[in-house]
Amino acid sequence: MKRLGLIALSIIPIPLGFLTDHLMMKFNWFGFPLFLIGIVFYIFWFFMGYISANFTLSMRETLLYSHSITILCATLIIGQLLLLERFTQGLLGLLPQMYFLPMITPVSSIIRNVFFFISPFRIEHFIIPAFLMMLSTFILGFRIKSQQLNLQNCEV
């Protein structure tokens, strides 16, 4: 049951991506508001890692289940861009993009300022760093909580 909970929690970026898309298209939100949404998402993902340490103490298992949808979406995006050189029509092309949409703005601002030579118009330049940032914030939260749990077990 805990594994299903981790997989269910990994679906959360999809509705957040659709909300971000709606805010961009309907209310013309760009720039700082999207950056804030991304930062709030990364803070949330940190606490996801923090909470998931309660489910299991195996980091490998936690990462696999909590990022299963992430890995699938990243694979779909990279596969579509490498094989087709475009996104497919329908949900197969849309869902993976919506998954990473909340994370793109903070990642793109870092990439544009640090790695200024990378083209800002190619989404694949932002998907892998967004995925790595997701993993690193999640792992940081997981490690902090697991260290706290280990200290509690040592005190008892």
# chains A, B, ... in the order shown; residues from 1 in each chain; ligands from 1
>>> residues_around(residues="Thr137 (chain A)", least_positions_apart="3", cutoff="12 Å", atoms="only C-alpha atoms", output="number ranges by chain")
A: 39-50, 63, 103, 130-134, 140-144
>>> select_by_dssp(residues="chain A", states="helix (DSSP H, G or I)", output="PyMOL selection string")
chain A and resi 2-9+13-27+32-52+59-66+68-83+91-114+124-155
>>> closest_atom_pairs(of="region 2-42 of chain A", to="region 105-127 of chain A", cutoff="7 Å", atoms="only C-alpha atoms", output="JSON lines")
{"residue": "A:Leu34", "atom": "CA", "partner": "A:Thr105", "partner_atom": "CA", "distance": 6.3}
{"residue": "A:Phe35", "atom": "CA", "partner": "A:Thr105", "partner_atom": "CA", "distance": 5.2}
{"residue": "A:Gly38", "atom": "CA", "partner": "A:Pro106", "partner_atom": "CA", "distance": 5.9}
{"residue": "A:Ile39", "atom": "CA", "partner": "A:Pro106", "partner_atom": "CA", "distance": 6.7}
>>> atom_distance(atom1="CA of Arg86 (chain A)", atom2="CA of Ile37 (chain A)")
26.6 Å
>>> closest_residue(among="A:Gly90, A:Pro129, A:Gly17, A:Gly31", to="Ala74 (chain A)", atoms="only C-alpha atoms")
A:Pro129
>>> residues_around(residues="Leu95 (chain A)", least_positions_apart="4", cutoff="8 Å", atoms="only C-alpha atoms", output="PyMOL selection string")
chain A and resi 14+73+91+99
>>> decode(residues="region 65-98 of chain A", atoms="N, CA and C atoms", output="tab-separated table (two decimals), in the first residue's frame")
chain	number	residue	atom	x	y	z
A	65	TYR	N	9.72	4.23	-6.85
A	65	TYR	CA	8.27	4.36	-6.84
A	65	TYR	C	7.81	5.81	-6.90
A	66	SER	N	8.50	6.71	-6.21
A	66	SER	CA	8.05	8.10	-6.19
A	66	SER	C	8.40	8.85	-7.46
A	67	HIS	N	9.31	8.33	-8.25
A	67	HIS	CA	9.68	8.98	-9.51
A	67	HIS	C	9.36	8.11	-10.72
A	68	SER	N	8.50	7.13	-10.55
A	68	SER	CA	8.15	6.26	-11.67
A	68	SER	C	7.45	7.04	-12.78
A	69	ILE	N	6.54	7.91	-12.42
A	69	ILE	CA	5.84	8.73	-13.43
A	69	ILE	C	6.82	9.74	-14.04
A	70	THR	N	7.72	10.26	-13.24
A	70	THR	CA	8.72	11.21	-13.74
A	70	THR	C	9.61	10.55	-14.78
A	71	ILE	N	10.08	9.36	-14.49
A	71	ILE	CA	10.94	8.63	-15.42
A	71	ILE	C	10.18	8.32	-16.70
A	72	LEU	N	8.94	7.92	-16.58
A	72	LEU	CA	8.12	7.62	-17.75
A	72	LEU	C	7.91	8.87	-18.60
A	73	CYS	N	7.59	10.00	-17.97
A	73	CYS	CA	7.36	11.24	-18.72
A	73	CYS	C	8.64	11.74	-19.38
A	74	ALA	N	9.76	11.68	-18.68
A	74	ALA	CA	11.03	12.12	-19.27
A	74	ALA	C	11.41	11.23	-20.44
A	75	THR	N	11.18	9.93	-20.30
A	75	THR	CA	11.48	9.00	-21.39
A	75	THR	C	10.59	9.29	-22.60
A	76	LEU	N	9.31	9.56	-22.35
A	76	LEU	CA	8.40	9.89	-23.46
A	76	LEU	C	8.81	11.17	-24.17
A	77	ILE	N	9.19	12.18	-23.42
A	77	ILE	CA	9.60	13.45	-24.04
A	77	ILE	C	10.87	13.27	-24.86
A	78	ILE	N	11.87	12.67	-24.27
A	78	ILE	CA	13.14	12.51	-24.96
A	78	ILE	C	12.98	11.56	-26.16
A	79	GLY	N	12.20	10.50	-25.98
A	79	GLY	CA	11.94	9.58	-27.09
A	79	GLY	C	11.21	10.23	-28.24
A	80	GLN	N	10.21	11.04	-27.93
A	80	GLN	CA	9.47	11.73	-28.99
A	80	GLN	C	10.37	12.71	-29.73
A	81	LEU	N	11.19	13.42	-28.99
A	81	LEU	CA	12.05	14.42	-29.63
A	81	LEU	C	13.19	13.78	-30.41
A	82	LEU	N	13.70	12.66	-29.94
A	82	LEU	CA	14.79	11.99	-30.67
A	82	LEU	C	14.27	11.23	-31.89
A	83	LEU	N	13.16	10.53	-31.73
A	83	LEU	CA	12.64	9.71	-32.83
A	83	LEU	C	11.80	10.50	-33.82
A	84	LEU	N	10.91	11.35	-33.31
A	84	LEU	CA	9.99	12.07	-34.18
A	84	LEU	C	10.39	13.51	-34.44
A	85	GLU	N	11.27	14.03	-33.60
A	85	GLU	CA	11.70	15.43	-33.64
A	85	GLU	C	10.54	16.40	-33.42
A	86	ARG	N	9.50	15.93	-32.78
A	86	ARG	CA	8.34	16.75	-32.41
A	86	ARG	C	7.54	15.96	-31.39
A	87	PHE	N	6.56	16.64	-30.78
A	87	PHE	CA	5.67	15.96	-29.85
A	87	PHE	C	4.49	15.38	-30.61
A	88	THR	N	4.02	14.22	-30.16
A	88	THR	CA	2.86	13.61	-30.78
A	88	THR	C	1.60	14.35	-30.36
A	89	GLN	N	0.54	14.11	-31.10
A	89	GLN	CA	-0.74	14.72	-30.79
A	89	GLN	C	-1.41	13.96	-29.67
A	90	GLY	N	-2.28	14.61	-28.95
A	90	GLY	CA	-3.06	13.95	-27.91
A	90	GLY	C	-2.34	13.90	-26.58
A	91	LEU	N	-2.85	13.02	-25.71
A	91	LEU	CA	-2.34	12.92	-24.35
A	91	LEU	C	-0.91	12.41	-24.27
A	92	LEU	N	-0.52	11.57	-25.20
A	92	LEU	CA	0.84	11.03	-25.18
A	92	LEU	C	1.89	12.13	-25.36
A	93	GLY	N	1.55	13.16	-26.08
A	93	GLY	CA	2.47	14.27	-26.25
A	93	GLY	C	2.27	15.36	-25.22
A	94	LEU	N	1.03	15.49	-24.70
A	94	LEU	CA	0.71	16.58	-23.79
A	94	LEU	C	1.06	16.29	-22.33
A	95	LEU	N	0.70	15.10	-21.83
A	95	LEU	CA	0.93	14.79	-20.42
A	95	LEU	C	2.39	14.91	-19.97
A	96	PRO	N	3.34	14.39	-20.73
A	96	PRO	CA	4.73	14.55	-20.28
A	96	PRO	C	5.17	16.01	-20.21
A	97	GLN	N	4.68	16.83	-21.13
A	97	GLN	CA	5.02	18.25	-21.09
A	97	GLN	C	4.40	18.92	-19.88
A	98	MET	N	3.15	18.57	-19.58
A	98	MET	CA	2.47	19.16	-18.42
A	98	MET	C	3.13	18.72	-17.11
